[in-house]
>>> print(open('start-v2.txt').read())   # compact mmCIF, C-alpha atoms
# COMPACT_ATOMS: atom_id res chain seq x y z
CA MET A 1 53.97 -29.93 41.61
CA ASN A 2 57.65 -30.05 40.66
CA THR A 3 59.02 -27.83 37.93
CA LYS A 4 61.35 -29.51 35.45
CA VAL A 5 65.03 -28.57 35.51
CA SER A 6 67.27 -29.41 32.55
CA VAL A 7 70.89 -30.14 33.42
CA ILE A 8 73.12 -29.81 30.35
CA ILE A 9 76.57 -31.38 30.57
CA PRO A 10 79.15 -30.77 27.83
CA CYS A 11 81.74 -33.54 27.82
CA PHE A 12 85.13 -33.31 26.18
CA ASN A 13 87.67 -35.96 27.22
CA ASN A 14 86.18 -36.35 30.71
CA GLU A 15 86.47 -40.13 30.94
CA SER A 16 87.98 -39.95 34.44
CA THR A 17 85.39 -37.55 35.88
CA ILE A 18 82.11 -37.74 33.95
CA LEU A 19 80.76 -40.66 35.99
CA GLU A 20 81.22 -38.76 39.26
CA THR A 21 79.56 -35.69 37.72
CA LEU A 22 76.56 -37.72 36.56
CA GLU A 23 76.22 -39.41 39.94
CA SER A 24 76.10 -35.99 41.63
CA VAL A 25 73.17 -35.06 39.36
CA TYR A 26 71.28 -38.33 39.76
CA GLY A 27 71.84 -38.12 43.51
CA GLN A 28 69.88 -34.85 43.79
CA SER A 29 67.10 -34.61 46.36
CA TYR A 30 65.02 -32.87 43.67
CA SER A 31 63.28 -35.34 41.38
CA ASP A 32 62.03 -33.61 38.23
CA ILE A 33 65.35 -33.41 36.38
CA GLU A 34 66.14 -33.85 32.70
CA VAL A 35 69.81 -34.75 32.09
CA ILE A 36 71.37 -34.03 28.69
CA VAL A 37 75.00 -34.94 27.94
CA ILE A 38 76.64 -33.55 24.81
CA ASN A 39 79.81 -35.38 23.79
CA ASP A 40 81.80 -32.59 22.15
CA GLY A 41 84.06 -34.75 19.99
CA SER A 42 85.86 -36.56 22.81
CA THR A 43 88.89 -38.63 21.75
CA ASP A 44 89.23 -40.59 24.99
CA ASP A 45 86.90 -43.26 26.44
CA SER A 46 84.22 -40.83 27.62
CA GLU A 47 81.65 -42.48 25.38
CA LYS A 48 82.32 -45.94 26.84
CA VAL A 49 81.96 -44.61 30.39
CA ILE A 50 78.69 -42.86 29.53
CA ALA A 51 77.40 -45.96 27.70
CA THR A 52 77.92 -48.01 30.86
CA PHE A 53 76.02 -45.41 32.89
CA LEU A 54 73.20 -45.47 30.31
CA GLU A 55 72.59 -49.16 30.98
CA GLU A 56 71.01 -48.18 34.30
CA LYS A 57 69.92 -44.60 33.63
CA THR A 58 67.99 -45.00 30.40
CA ASP A 59 66.34 -41.60 30.81
CA LEU A 60 69.69 -39.87 30.23
CA LEU A 61 69.71 -38.14 26.85
CA TYR A 62 73.11 -38.62 25.22
CA LEU A 63 74.06 -36.76 22.04
CA LYS A 64 77.27 -36.30 20.07
CA GLN A 65 78.79 -33.64 17.86
CA SER A 66 82.19 -32.92 16.35
CA ASN A 67 84.40 -30.80 18.58
CA LYS A 68 83.00 -27.27 18.49
CA GLY A 69 83.74 -26.09 22.01
CA PRO A 70 81.68 -25.70 25.21
CA SER A 71 79.52 -22.86 23.88
CA ALA A 72 78.25 -24.91 20.94
CA ALA A 73 77.78 -28.01 23.11
CA ARG A 74 75.72 -26.13 25.69
CA ASN A 75 73.63 -24.42 23.01
CA PHE A 76 72.96 -27.79 21.36
CA GLY A 77 71.67 -29.17 24.65
CA SER A 78 69.61 -26.09 25.46
CA ARG A 79 67.79 -26.22 22.12
CA ILE A 80 66.27 -29.59 22.97
CA ALA A 81 65.84 -29.01 26.71
CA ASN A 82 62.30 -29.13 28.10
CA GLY A 83 62.94 -27.68 31.54
CA GLN A 84 61.65 -24.34 32.75
CA TYR A 85 65.05 -23.85 34.39
CA LEU A 86 68.52 -24.59 33.03
CA ILE A 87 71.78 -25.61 34.67
CA PHE A 88 75.04 -25.97 32.73
CA LEU A 89 77.36 -28.36 34.54
CA ASP A 90 80.82 -29.15 33.21
CA GLY A 91 81.81 -32.80 32.94
CA ASP A 92 84.29 -32.68 35.80
CA ASP A 93 82.42 -30.65 38.43
CA LEU A 94 79.96 -31.69 41.15
CA LEU A 95 76.71 -30.57 42.76
CA HIS A 96 75.68 -30.86 46.39
CA LYS A 97 72.67 -33.17 46.64
CA ASP A 98 70.39 -30.25 47.55
CA TYR A 99 71.68 -27.75 44.99
CA ILE A 100 68.78 -28.01 42.56
CA SER A 101 66.13 -28.21 45.28
CA ILE A 102 67.40 -25.08 47.02
CA CYS A 103 67.69 -23.10 43.78
CA VAL A 104 64.21 -24.09 42.58
CA ASN A 105 62.79 -23.20 46.00
CA ALA A 106 64.31 -19.72 45.69
CA PHE A 107 62.66 -19.25 42.29
CA GLU A 108 59.33 -20.52 43.54
CA LYS A 109 59.37 -18.10 46.48
CA ASN A 110 60.13 -15.13 44.23
CA ASP A 111 58.76 -15.20 40.71
CA GLN A 112 60.79 -12.08 39.86
CA LEU A 113 64.12 -13.88 40.15
CA ASP A 114 66.20 -14.36 37.00
CA LEU A 115 69.26 -16.20 38.31
CA VAL A 116 70.13 -18.22 41.42
CA TYR A 117 73.58 -19.44 42.42
CA SER A 118 75.49 -20.49 45.51
CA ASP A 119 78.88 -20.30 47.15
CA SER A 120 81.38 -22.70 45.60
CA GLU A 121 84.35 -24.75 46.75
CA LEU A 122 87.47 -25.96 44.99
CA PHE A 123 88.49 -29.60 45.16
CA GLU A 124 91.09 -32.10 43.94
CA ASN A 125 94.35 -30.19 43.37
CA GLU A 126 93.20 -27.12 45.34
CA SER A 127 90.80 -26.59 48.21
CA GLY A 128 88.96 -23.73 49.81
CA ASN A 129 86.42 -21.24 48.56
CA TYR A 130 86.06 -20.57 44.84
CA ASN A 131 85.79 -16.82 45.18
CA LEU A 132 83.93 -14.75 42.63
CA ALA A 133 83.16 -11.06 42.95
CA ARG A 134 79.76 -10.04 44.26
CA PHE A 135 77.52 -9.18 41.33
CA ASP A 136 76.52 -5.69 40.33
CA GLU A 137 75.97 -4.18 36.89
CA ILE A 138 79.43 -2.57 36.86
CA THR A 139 81.51 -5.43 38.27
CA ILE A 140 80.14 -7.91 35.72
CA LEU A 141 81.76 -5.77 33.00
CA THR A 142 85.19 -6.28 34.54
CA GLN A 143 85.08 -9.92 35.58
CA ASN A 144 82.85 -12.94 35.91
CA CYS A 145 80.58 -12.97 38.96
CA PHE A 146 78.83 -16.33 38.54
CA PRO A 147 79.79 -19.99 38.30
CA ILE A 148 78.68 -21.64 35.07
CA VAL A 149 76.26 -23.76 37.09
CA ALA A 150 74.01 -20.86 38.12
CA MET A 151 70.33 -21.75 37.58
CA ILE A 152 68.54 -19.58 35.04
CA ARG A 153 65.23 -19.45 33.22
CA SER A 154 65.26 -21.29 29.88
CA GLU A 155 63.10 -18.67 28.20
CA SER A 156 65.42 -15.86 29.30
CA PHE A 157 68.53 -17.71 28.15
CA ARG A 158 67.09 -18.24 24.69
CA ASP A 159 65.91 -14.65 24.58
CA ILE A 160 69.44 -13.23 25.06
CA GLY A 161 70.84 -15.44 22.28
CA GLN A 162 72.45 -18.31 24.23
CA PHE A 163 76.27 -18.66 24.34
CA ASP A 164 78.42 -16.94 21.75
CA GLU A 165 79.94 -19.85 19.80
CA ASN A 166 82.85 -17.72 18.68
CA LEU A 167 84.24 -18.02 22.21
CA ARG A 168 85.84 -21.14 23.68
CA ILE A 169 87.04 -19.42 26.85
CA ALA A 170 85.35 -16.70 28.94
CA GLU A 171 82.17 -17.66 27.08
CA ASP A 172 80.27 -17.86 30.37
CA TRP A 173 81.35 -14.37 31.43
CA GLU A 174 80.29 -12.92 28.08
CA MET A 175 76.92 -14.66 28.32
CA TRP A 176 76.39 -13.37 31.87
CA ILE A 177 77.06 -9.82 30.68
CA ARG A 178 74.23 -10.12 28.17
CA TYR A 179 71.95 -12.06 30.50
CA THR A 180 72.19 -9.64 33.41
CA ARG A 181 71.81 -6.54 31.26
CA LYS A 182 68.24 -7.69 30.68
CA TYR A 183 67.59 -10.12 33.55
CA SER A 184 69.31 -8.70 36.60
CA ASN A 185 67.30 -10.00 39.56
CA VAL A 186 69.91 -12.25 41.15
CA LYS A 187 69.97 -14.28 44.35
CA LYS A 188 73.01 -15.88 45.97
CA ILE A 189 72.62 -18.84 48.32
CA ASP A 190 75.19 -18.45 51.09
CA MET A 191 76.00 -22.16 51.23
CA SER A 192 78.69 -24.12 49.38
CA LEU A 193 76.57 -26.19 47.00
CA PHE A 194 78.81 -26.31 43.92
CA PHE A 195 82.22 -27.97 43.71
CA TYR A 196 84.67 -26.76 41.08
CA ARG A 197 87.44 -29.20 40.18
CA LYS A 198 91.00 -27.91 39.91
CA ARG A 199 92.70 -30.78 38.16
CA TYR A 200 95.96 -32.49 39.02
CA ILE A 201 96.59 -32.66 35.29
CA LYS A 202 96.95 -29.14 33.89
CA ASN A 203 94.92 -29.65 30.72
CA SER A 204 91.80 -27.55 31.26
CA ILE A 205 91.12 -24.60 28.97
CA THR A 206 92.05 -22.21 31.78
CA ASP A 207 95.33 -24.03 32.46
CA LEU A 208 96.23 -24.11 28.78
CA ASN A 209 95.57 -20.39 28.60
CA LYS A 210 98.58 -19.82 30.83
CA LEU A 211 100.72 -21.38 28.14
CA ASP A 212 98.99 -20.15 25.00
CA ASN A 213 97.59 -16.86 26.31
CA ILE A 214 94.28 -17.51 24.56
CA MET A 215 92.42 -15.31 27.05
CA ASP A 216 93.78 -12.20 25.37
CA ASP A 217 91.77 -12.68 22.21
CA ALA A 218 88.65 -13.48 24.25
CA HIS A 219 88.99 -10.26 26.25
CA LEU A 220 89.49 -8.22 23.10
CA TYR A 221 86.48 -9.87 21.47
CA ILE A 222 84.27 -9.23 24.51
CA TYR A 223 85.36 -5.60 24.83
CA ASN A 224 84.70 -4.92 21.16
CA LYS A 225 81.37 -6.77 21.19
CA HIS A 226 80.15 -4.80 24.19
CA TYR A 227 81.87 -1.53 23.35
CA ASN A 228 78.64 0.48 23.53
CA THR A 229 77.88 -0.95 26.97
CA TYR A 230 81.33 -0.04 28.29
CA LYS A 231 80.97 3.39 26.73
CA SER A 232 77.54 3.87 28.31
CA VAL A 233 79.02 3.55 31.81
CA GLY A 234 81.76 6.03 30.97
CA TRP A 235 84.63 3.65 30.46
CA ASN A 236 87.20 4.36 27.82
CA ILE A 237 90.14 2.02 27.36
CA ILE A 238 92.31 3.71 29.99
CA ASN A 239 89.89 3.70 32.91
CA LEU A 240 88.60 0.25 31.97
CA ILE A 241 92.14 -1.06 32.36
CA ASN A 242 92.59 0.70 35.68
CA THR A 243 89.25 -0.64 36.95
CA ARG A 244 90.00 -4.17 35.80
CA GLN A 245 93.36 -4.11 37.57
CA THR A 246 91.69 -2.88 40.75
CA TYR A 247 88.97 -5.56 40.72
CA SER A 248 91.02 -8.47 39.45
CA LYS A 249 92.25 -11.05 41.93
CA TYR A 250 94.64 -12.47 39.30
CA LYS A 251 98.19 -11.15 39.15
CA ASP A 252 99.67 -13.35 36.43
CA LYS A 253 101.36 -11.51 33.60
CA TYR A 254 99.32 -13.10 30.88
CA TYR A 255 96.20 -11.30 32.08
CA ASN A 256 97.86 -7.98 31.31
CA VAL A 257 98.72 -8.70 27.69
CA TRP A 258 95.25 -7.87 26.40
CA TYR A 259 95.59 -4.41 27.92
CA ARG A 260 98.72 -3.80 25.85
CA LYS A 261 96.82 -4.96 22.77
CA LEU A 262 94.05 -2.50 23.57
CA PHE A 263 96.62 0.29 23.86
CA TYR A 264 98.03 -0.72 20.49
CA LEU A 265 94.63 -0.77 18.80
CA PHE A 266 93.62 2.50 20.45
CA ASN A 267 96.80 4.31 19.41
CA LYS A 268 96.62 2.85 15.90
CA LYS A 269 93.17 4.40 15.39
CA LYS A 270 94.30 7.85 16.58
>>> encode(input="start-v2.txt", output="structure tokens")
Amino acid sequence: MNTKVSVIIPCFNNESTILETLESVYGQSYSDIEVIVINDGSTDDSEKVIATFLEEKTDLLYLKQSNKGPSAARNFGSRIANGQYLIFLDGDDLLHKDYISICVNAFEKNDQLDLVYSDSELFENESGNYNLARFDEITILTQNCFPIVAMIRSESFRDIGQFDENLRIAEDWEMWIRYTRKYSNVKKIDMSLFFYRKRYIKNSITDLNKLDNIMDDAHLYIYNKHYNTYKSVGWNIINLINTRQTYSKYKDKYYNVWYRKLFYLFNKKK
């Protein structure tokens, strides 16, 4: 008997990509799928595109909210999801047709698993592997190790408190920190089954960060929220910075600004 999987898709101004994303979900070889789209206050024609898709796929659950960010949209969808497993898929990314089937099969073979994910590839404006660090309990404290689309248990996700709605960027990394502190049995599928879109138009949250430097505040928030965890592994501000610089594959200046802020806050308290 199949086990239901809920695929939750936040959509904010994805009129040019949401149809392709939905088709990649409805084209899955796995059949017992619940699809939930949360329109997070889109101002483009996303709703019209989704309405056209709904004419044929009447089982699609489509909901709307004012713009509150991806964390709130995903949490909204997860609260009404009925699946034993959850997948969060952004409204411009794609799944291989066997992604869900392979992930569910991994769970079914090992009932101790907490999270299953696969290799990923970039497409559109960039190509090649979407490289994330191999997970361990230390590395996850310095950088994200999982794509947002990793399959997890619904019960476990709700148990750790879902996404932190105070964050609009790095919210997945922060959630994975909490999730893997309690549910750390992870399996990686060594096949490229997830496709992460790097847009021609530089208007994603990550792209905008390069202009507005919004990642700094997210890093500071995450460090302060998980201060006791960082402290428990022996990391003060100085060696955390050194470790982050060693692990990080990013060399852009804006990633270093939050370190200077940490120095400022640290010295201010002394």
>>> closest_residue(input="start-v2.txt", among="A:Asn110, A:Asn125, A:Thr180, A:Ser6", to="A:Val25", atoms="all atoms listed in the file")
A:Ser6
>>> axis_aligned_box(input="start-v2.txt", around="stretch 123-126 of chain A", padding_each_side="8 Å", output="lines of an AutoDock Vina configuration file")
center_x = 91.4
center_y = -29.6
center_z = 44.4
size_x = 21.9
size_y = 21.0
size_z = 18.0
>>> atom_distance(input="start-v2.txt", atom1="atom CA of A:Val7", atom2="atom CA of A:Glu126")
25.5 Å
>>> closest_residue(input="start-v2.txt", among="A:Val233, A:Cys103, A:Val5, A:Leu167", to="A:Tyr117", atoms="all atoms listed in the file")
A:Cys103
>>> atom_distance(input="start-v2.txt", atom1="atom CA of A:Leu61", atom2="atom CA of A:His96")
21.7 Å
>>> atom_distance(input="start-v2.txt", atom1="atom CA of A:Ser31", atom2="atom CA of A:Arg74")
22.0 Å
>>> build_atoms(input="start-v2.txt", residues="stretch 212-230 of chain A", atoms="N, CA and C atoms", output="CSV table (one decimal), in the coordinates of the input")
chain,number,residue,atom,x,y,z
A,212,ASP,N,99.3,-20.7,26.3
A,212,ASP,CA,99.0,-20.2,25.0
A,212,ASP,C,98.4,-18.7,25.0
A,213,ASN,N,98.1,-18.2,26.2
A,213,ASN,CA,97.6,-16.9,26.3
A,213,ASN,C,96.3,-16.6,25.5
A,214,ILE,N,95.5,-17.6,25.4
A,214,ILE,CA,94.3,-17.5,24.6
A,214,ILE,C,93.2,-16.6,25.2
A,215,MET,N,93.4,-16.2,26.4
A,215,MET,CA,92.4,-15.3,27.0
A,215,MET,C,92.5,-13.9,26.4
A,216,ASP,N,93.6,-13.5,25.9
A,216,ASP,CA,93.8,-12.2,25.4
A,216,ASP,C,92.8,-11.9,24.3
A,217,ASP,N,92.7,-12.9,23.3
A,217,ASP,CA,91.8,-12.7,22.2
A,217,ASP,C,90.3,-12.7,22.7
A,218,ALA,N,90.0,-13.5,23.7
A,218,ALA,CA,88.6,-13.5,24.2
A,218,ALA,C,88.3,-12.1,24.9
A,219,HIS,N,89.2,-11.6,25.6
A,219,HIS,CA,89.0,-10.3,26.2
A,219,HIS,C,88.8,-9.2,25.2
A,220,LEU,N,89.6,-9.2,24.2
A,220,LEU,CA,89.5,-8.2,23.1
A,220,LEU,C,88.1,-8.4,22.4
A,221,TYR,N,87.8,-9.6,22.1
A,221,TYR,CA,86.5,-9.9,21.5
A,221,TYR,C,85.3,-9.4,22.3
A,222,ILE,N,85.3,-9.6,23.6
A,222,ILE,CA,84.3,-9.2,24.5
A,222,ILE,C,84.2,-7.7,24.6
A,223,TYR,N,85.3,-7.1,24.7
A,223,TYR,CA,85.4,-5.6,24.8
A,223,TYR,C,84.8,-5.0,23.6
A,224,ASN,N,85.2,-5.5,22.4
A,224,ASN,CA,84.7,-4.9,21.2
A,224,ASN,C,83.2,-5.2,21.0
A,225,LYS,N,82.8,-6.4,21.3
A,225,LYS,CA,81.4,-6.8,21.2
A,225,LYS,C,80.5,-5.9,22.0
A,226,HIS,N,81.0,-5.6,23.2
A,226,HIS,CA,80.2,-4.8,24.2
A,226,HIS,C,80.7,-3.4,24.3
A,227,TYR,N,81.3,-2.9,23.3
A,227,TYR,CA,81.9,-1.5,23.4
A,227,TYR,C,80.8,-0.5,23.8
A,228,ASN,N,79.7,-0.5,23.2
A,228,ASN,CA,78.6,0.5,23.5
A,228,ASN,C,78.2,0.4,25.0
A,229,THR,N,78.2,-0.8,25.6
A,229,THR,CA,77.9,-1.0,27.0
A,229,THR,C,79.0,-0.3,27.8
A,230,TYR,N,80.2,-0.6,27.5
A,230,TYR,CA,81.3,0.0,28.3
A,230,TYR,C,81.3,1.5,28.2
